[in-house]
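Trainee: Submitted below is the structure of interest, expressed as structure tokens.
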Amino acid sequence: MKVAVIGCTHAGTAAIVNTAKLYPEAEITVYERNDNISFLSCGIALYVGGVVKDPHGLFYSSPEKLAELGVTTKMRHEVVSVDAEGKTLKARNIVTGEIFDDTFDKLIVTTGSWPIVPKLDGIDLENILLSKNYRHSNTIIEKARQAKHITVVGAGYIGVELVEAFQTNGKQVTLIDSADRILNKYLDSEFSAKIEESFRDKGIELALGQTVKSFEGMDGKVSRVITDKGAVETDLVILCIGFRPNTELLKDQVDMLPNGAIIVDKYMETSKKDVFAAGDSCAVRYNPTGKAVYIPLATNAVRMGTLVARNLVRKTTEYMGTQGTSGLKIYGLNIASTGLTEGAAQDEKLNVDTVTITDHYRPEFMPTSESVTLKVVFDKESRVIVGAQIISEADLTQSMNTLSVCIQNRMTIDQLAFIDFFFQPHYNKPWNFLNTAGLEALPEIKTEPVYV
């Protein structure tokens, strides 16, 4: 069996390693256009901020490790075209320029994503940078040393983490986003407001509800960001607007979402037989709505890559879908979410209700007992849980993994009230705060008078 893999991303690495182990007789060839593989891009802010001193820890594989499994890795090789029906591809050696053809029995497309770059005047000025791969992270660190003021465009997870990293390193920072609040895709306003408050307390300028229109520069370097509401003087700009799937190779050959994300079945196979895909190049089944959506997360990628290998020869293991569960730590605040926010549920025209509690997560007689705020979103009629968010100075983020399982299994808010959790004063109260949220949401019981 001849297997070709395009892109050694999170999903690619998982697919390659598991394919090599499951099918030792397979001839596996990997095409990767970069000079490194398996970079954990979600660690960029930690590297930029100096929390991670040795960036080599952000790589979890190498061509040498794959070679030990019998895999041929062609670094600095770009696949320029694919004939999915004819099972052939054309590749180019980026170093030598040589172009050659190859064939495959099975094709695994794990080409990942690329940052969205807006077509604006001045976008090509020096010191306007992207944040995606290892090369980007090193450039950011190098350029940031000389910068006094840094502007981050985009208030998603990566943008927010970079803002904290830059401010911690003593830089003046402005965060621009067209939405009127940060992290609006992941958190409702009562949660994002607490992070915004911590940013303002640190002197970070929040230019929210503003759209970038152009960039201006001096001597070829960016010096101003022009928005629809004003201008920001700056030395360095980091674009964190979002990501777009890298799927041009399969355009018009397999089914895709309008943004180009490849649609796969529950066994990770595309609409073309023997062509599989995983990771940021794909759509995922989003369990809270049942729809195929684009949610580029490392967790989705490694699961999907592993499933590709297990289903490459025969259909063995179904994809369970995702809740889009994610976490974040900003200035001592531990934040996590899973499923739909209240705002996202309303955008989906779902009839939802919510319960929000603020409580001490463990007994007050303990030496410390930080408070926790938890919000659970549930369908008003079926009472099935569809989303949740949490914030605390204590690290209670793993509770979102618990609620992710609840959403996965379509549990109700009423069941959450009485789920069996252990009690130990070091960790919680007799009623775990998840139970407490469920109890708060229980419907009233109407009783008739009892006559004795």
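Ordering of the structure tokens sets the chain letters (A, B, ...), residue numbers begin anew at 1 in every chain, and ligands are numbered from 1 in the order given.
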If DSSP is run on the backbone, what residues of segment 160-298 of chain A are alpha helix (DSSP H)? A reply as a PyMOL selection string would be ideal.
Mentor: chain A and resi 160-168+189-201+298
Trainee: Can you pull out every residue within 9 Å of segment 315-327 of chain A, counting only C-alpha atoms, but drop anything in the same chain fewer than 2 positions away, and send it as an mmCIF file with N, CA and C atoms, in the first residue's frame?
Mentor:
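Once everything was written out, this is part11.cif:
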```cif
data_model
loop_
_atom_site.group_PDB
_atom_site.id
_atom_site.type_symbol
_atom_site.label_atom_id
_atom_site.label_comp_id
_atom_site.auth_asym_id
_atom_site.auth_seq_id
_atom_site.Cartn_x
_atom_site.Cartn_y
_atom_site.Cartn_z
ATOM 1 N N TYR A 157 -7.972 34.043 20.569
ATOM 2 C CA TYR A 157 -7.050 33.471 21.551
ATOM 3 C C TYR A 157 -5.598 33.877 21.306
ATOM 4 N N TYR A 186 -15.810 32.960 21.840
ATOM 5 C CA TYR A 186 -15.585 31.940 22.860
ATOM 6 C C TYR A 186 -16.282 32.220 24.187
ATOM 7 N N ASP A 265 -16.386 12.413 5.995
ATOM 8 C CA ASP A 265 -17.418 11.635 6.664
ATOM 9 C C ASP A 265 -16.936 11.257 8.066
ATOM 10 N N LYS A 266 -17.690 10.421 8.759
ATOM 11 C CA LYS A 266 -17.334 10.097 10.139
ATOM 12 C C LYS A 266 -16.114 9.195 10.230
ATOM 13 N N TYR A 267 -15.579 8.783 9.072
ATOM 14 C CA TYR A 267 -14.349 7.986 9.051
ATOM 15 C C TYR A 267 -13.177 8.766 8.447
ATOM 16 N N MET A 268 -13.327 10.055 8.301
ATOM 17 C CA MET A 268 -12.302 10.978 7.820
ATOM 18 C C MET A 268 -12.023 10.862 6.322
ATOM 19 N N VAL A 284 -15.392 20.167 10.810
ATOM 20 C CA VAL A 284 -15.661 19.171 11.839
ATOM 21 C C VAL A 284 -17.156 19.142 12.128
ATOM 22 N N ARG A 285 -17.628 18.035 12.678
ATOM 23 C CA ARG A 285 -19.026 17.977 13.106
ATOM 24 C C ARG A 285 -19.122 18.587 14.500
ATOM 25 N N TYR A 286 -19.870 19.687 14.578
ATOM 26 C CA TYR A 286 -20.005 20.425 15.833
ATOM 27 C C TYR A 286 -21.240 19.920 16.554
ATOM 28 N N ASN A 287 -21.038 19.166 17.617
ATOM 29 C CA ASN A 287 -22.142 18.470 18.277
ATOM 30 C C ASN A 287 -23.250 19.369 18.820
ATOM 31 N N PRO A 288 -22.956 20.564 19.361
ATOM 32 C CA PRO A 288 -24.063 21.384 19.868
ATOM 33 C C PRO A 288 -25.094 21.763 18.813
ATOM 34 N N GLY A 290 -24.930 20.050 15.453
ATOM 35 C CA GLY A 290 -25.013 18.961 14.484
ATOM 36 C C GLY A 290 -24.535 19.349 13.095
ATOM 37 N N ILE A 295 -13.554 24.710 12.790
ATOM 38 C CA ILE A 295 -13.023 25.012 14.118
ATOM 39 C C ILE A 295 -11.581 24.507 14.171
ATOM 40 N N PRO A 296 -10.611 25.323 13.753
ATOM 41 C CA PRO A 296 -9.216 24.873 13.751
ATOM 42 C C PRO A 296 -8.618 24.841 15.157
ATOM 43 N N LEU A 297 -8.516 23.635 15.720
ATOM 44 C CA LEU A 297 -7.939 23.436 17.049
ATOM 45 C C LEU A 297 -6.987 22.242 17.002
ATOM 46 N N THR A 299 -6.513 20.032 19.235
ATOM 47 C CA THR A 299 -7.169 18.830 19.759
ATOM 48 C C THR A 299 -7.976 18.124 18.679
ATOM 49 N N ASN A 300 -8.721 18.900 17.886
ATOM 50 C CA ASN A 300 -9.457 18.309 16.771
ATOM 51 C C ASN A 300 -8.486 17.633 15.807
ATOM 52 N N ARG A 303 -6.901 14.198 17.010
ATOM 53 C CA ARG A 303 -7.924 13.141 17.006
ATOM 54 C C ARG A 303 -8.227 12.694 15.580
ATOM 55 N N MET A 304 -8.441 13.671 14.703
ATOM 56 C CA MET A 304 -8.794 13.345 13.320
ATOM 57 C C MET A 304 -7.650 12.619 12.612
ATOM 58 N N LEU A 307 -7.637 9.078 13.667
ATOM 59 C CA LEU A 307 -8.751 8.352 13.060
ATOM 60 C C LEU A 307 -8.498 8.035 11.588
ATOM 61 N N ARG A 310 -6.638 4.811 11.498
ATOM 62 C CA ARG A 310 -7.450 3.665 11.902
ATOM 63 C C ARG A 310 -8.481 3.274 10.836
ATOM 64 N N ASN A 311 -8.835 4.236 9.975
ATOM 65 C CA ASN A 311 -9.859 3.974 8.962
ATOM 66 C C ASN A 311 -9.301 3.919 7.548
ATOM 67 N N LEU A 312 -7.990 3.925 7.427
ATOM 68 C CA LEU A 312 -7.362 4.027 6.114
ATOM 69 C C LEU A 312 -7.656 2.812 5.234
ATOM 70 N N VAL A 313 -7.663 1.621 5.799
ATOM 71 C CA VAL A 313 -7.883 0.390 5.035
ATOM 72 C C VAL A 313 -9.329 -0.076 5.132
ATOM 73 N N LYS A 329 -5.233 31.176 29.819
ATOM 74 C CA LYS A 329 -4.793 31.757 31.092
ATOM 75 C C LYS A 329 -4.264 33.157 30.815
ATOM 76 N N ASN A 334 -7.960 31.996 34.990
ATOM 77 C CA ASN A 334 -8.075 30.733 34.258
ATOM 78 C C ASN A 334 -9.460 30.672 33.635
ATOM 79 N N ILE A 335 -9.494 30.602 32.304
ATOM 80 C CA ILE A 335 -10.744 30.692 31.562
ATOM 81 C C ILE A 335 -10.862 29.488 30.638
ATOM 82 N N ALA A 336 -12.049 28.957 30.501
ATOM 83 C CA ALA A 336 -12.282 27.872 29.546
ATOM 84 C C ALA A 336 -13.737 27.891 29.101
ATOM 85 N N SER A 337 -13.977 27.295 27.955
ATOM 86 C CA SER A 337 -15.347 27.221 27.444
ATOM 87 C C SER A 337 -15.516 25.956 26.622
ATOM 88 N N THR A 338 -16.763 25.550 26.464
ATOM 89 C CA THR A 338 -17.092 24.403 25.624
ATOM 90 C C THR A 338 -18.457 24.633 25.005
ATOM 91 N N GLY A 339 -18.625 24.216 23.770
ATOM 92 C CA GLY A 339 -19.923 24.352 23.123
ATOM 93 C C GLY A 339 -20.297 25.788 22.827
ATOM 94 N N LEU A 340 -21.588 26.047 22.790
ATOM 95 C CA LEU A 340 -22.120 27.351 22.400
ATOM 96 C C LEU A 340 -22.141 28.342 23.557
ATOM 97 N N VAL A 386 -25.906 22.744 26.021
ATOM 98 C CA VAL A 386 -25.277 23.016 24.722
ATOM 99 C C VAL A 386 -23.991 23.832 24.842
ATOM 100 N N GLY A 387 -23.681 24.338 26.051
ATOM 101 C CA GLY A 387 -22.456 25.117 26.188
ATOM 102 C C GLY A 387 -22.201 25.534 27.622
ATOM 103 N N THR A 397 -10.347 24.748 35.143
ATOM 104 C CA THR A 397 -10.694 24.633 33.732
ATOM 105 C C THR A 397 -11.047 23.210 33.312
ATOM 106 N N GLN A 398 -10.541 22.205 34.043
ATOM 107 C CA GLN A 398 -10.862 20.830 33.655
ATOM 108 C C GLN A 398 -12.361 20.532 33.754
ATOM 109 N N MET A 400 -14.544 22.101 32.309
ATOM 110 C CA MET A 400 -15.108 22.244 30.962
ATOM 111 C C MET A 400 -14.969 20.945 30.173
ATOM 112 N N ASN A 401 -13.949 20.148 30.483
ATOM 113 C CA ASN A 401 -13.858 18.829 29.859
ATOM 114 C C ASN A 401 -15.011 17.943 30.320
ATOM 115 N N SER A 404 -17.965 19.110 28.497
ATOM 116 C CA SER A 404 -17.853 18.684 27.104
ATOM 117 C C SER A 404 -18.428 17.280 26.937
ATOM 118 N N VAL A 405 -18.117 16.402 27.892
ATOM 119 C CA VAL A 405 -18.670 15.040 27.859
ATOM 120 C C VAL A 405 -20.190 15.085 28.008
ATOM 121 N N ILE A 407 -22.199 17.478 27.035
ATOM 122 C CA ILE A 407 -22.766 17.908 25.750
ATOM 123 C C ILE A 407 -22.687 16.772 24.742
ATOM 124 N N GLN A 408 -21.538 16.099 24.723
ATOM 125 C CA GLN A 408 -21.330 14.969 23.806
ATOM 126 C C GLN A 408 -22.444 13.931 23.967
#
```
Trainee: Which is closer to Glu233 of chain A than all the others in A:His136, A:His149, A:Arg76, A:Lys119, using only C-alpha atoms?
Mentor: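 Going through A:His136, A:His149, A:Arg76, A:Lys119 one by one, the smallest distance to Glu233 of chain A is for A:His149.
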Trainee: Grab the atom CA of Val30 of chain A to atom CA of Pro115 of chain A distance for me, in Å with one decimal place.
Mentor: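 Taking atom CA of Val30 of chain A and atom CA of Pro115 of chain A, their separation equals 23.0 Å.
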Trainee: Please return as a PyMOL selection string: the residues of segment 147-382 of chain A that backbone DSSP assigns to strand (DSSP E or B).
Mentor: chain A and resi 149-153+172-177+205-208+212-218+221-227+230-233+236-239+243-245+256+262+269+275-277+282+284-286+291-293+322+326-330+333-339+352-360+371-379
Trainee: Skipping near chain neighbours, those fewer than 2 positions away, what residues fall within 9 Å of Asp274 of chain A using only C-alpha atoms, listed as a list in words?
Mentor: Ala84, Lys87, Asp105, Lys106, Leu107, Ile108, Glu269, Thr270, Lys272, Phe276, Leu312 and Val313 of chain A
Trainee: Could you save those same residues with N, CA and C atoms as a short mmCIF file (atom, residue, chain, number, x, y, z; two decimals), in the first residue's frame?
Mentor:
```
data_model
loop_
_atom_site.label_atom_id
_atom_site.label_comp_id
_atom_site.auth_asym_id
_atom_site.auth_seq_id
_atom_site.Cartn_x
_atom_site.Cartn_y
_atom_site.Cartn_z
N ALA A 84 -6.93 13.56 -7.86
CA ALA A 84 -7.51 12.63 -6.89
C ALA A 84 -8.10 11.40 -7.57
N LYS A 87 -5.17 9.31 -8.94
CA LYS A 87 -4.26 8.94 -7.87
C LYS A 87 -2.80 9.26 -8.19
N ASP A 105 -1.86 5.01 -3.45
CA ASP A 105 -3.08 4.21 -3.29
C ASP A 105 -4.04 4.92 -2.33
N LYS A 106 -3.44 5.56 -1.31
CA LYS A 106 -4.21 6.34 -0.34
C LYS A 106 -3.55 7.71 -0.21
N LEU A 107 -4.36 8.74 -0.18
CA LEU A 107 -3.85 10.11 -0.01
C LEU A 107 -4.39 10.69 1.29
N ILE A 108 -3.49 11.25 2.10
CA ILE A 108 -3.88 11.91 3.35
C ILE A 108 -3.54 13.39 3.22
N GLU A 269 -12.92 10.20 5.59
CA GLU A 269 -12.74 10.10 4.14
C GLU A 269 -13.50 11.23 3.46
N THR A 270 -12.89 11.82 2.43
CA THR A 270 -13.54 12.88 1.68
C THR A 270 -14.59 12.27 0.74
N LYS A 272 -14.18 11.82 -2.22
CA LYS A 272 -13.44 11.03 -3.19
C LYS A 272 -12.84 9.81 -2.49
N PHE A 276 -8.27 10.97 2.11
CA PHE A 276 -8.63 11.28 3.49
C PHE A 276 -8.08 12.67 3.86
N LEU A 312 -7.99 3.92 7.43
CA LEU A 312 -7.36 4.03 6.11
C LEU A 312 -7.66 2.81 5.23
N VAL A 313 -7.66 1.62 5.80
CA VAL A 313 -7.88 0.39 5.03
C VAL A 313 -9.33 -0.08 5.13
#
```
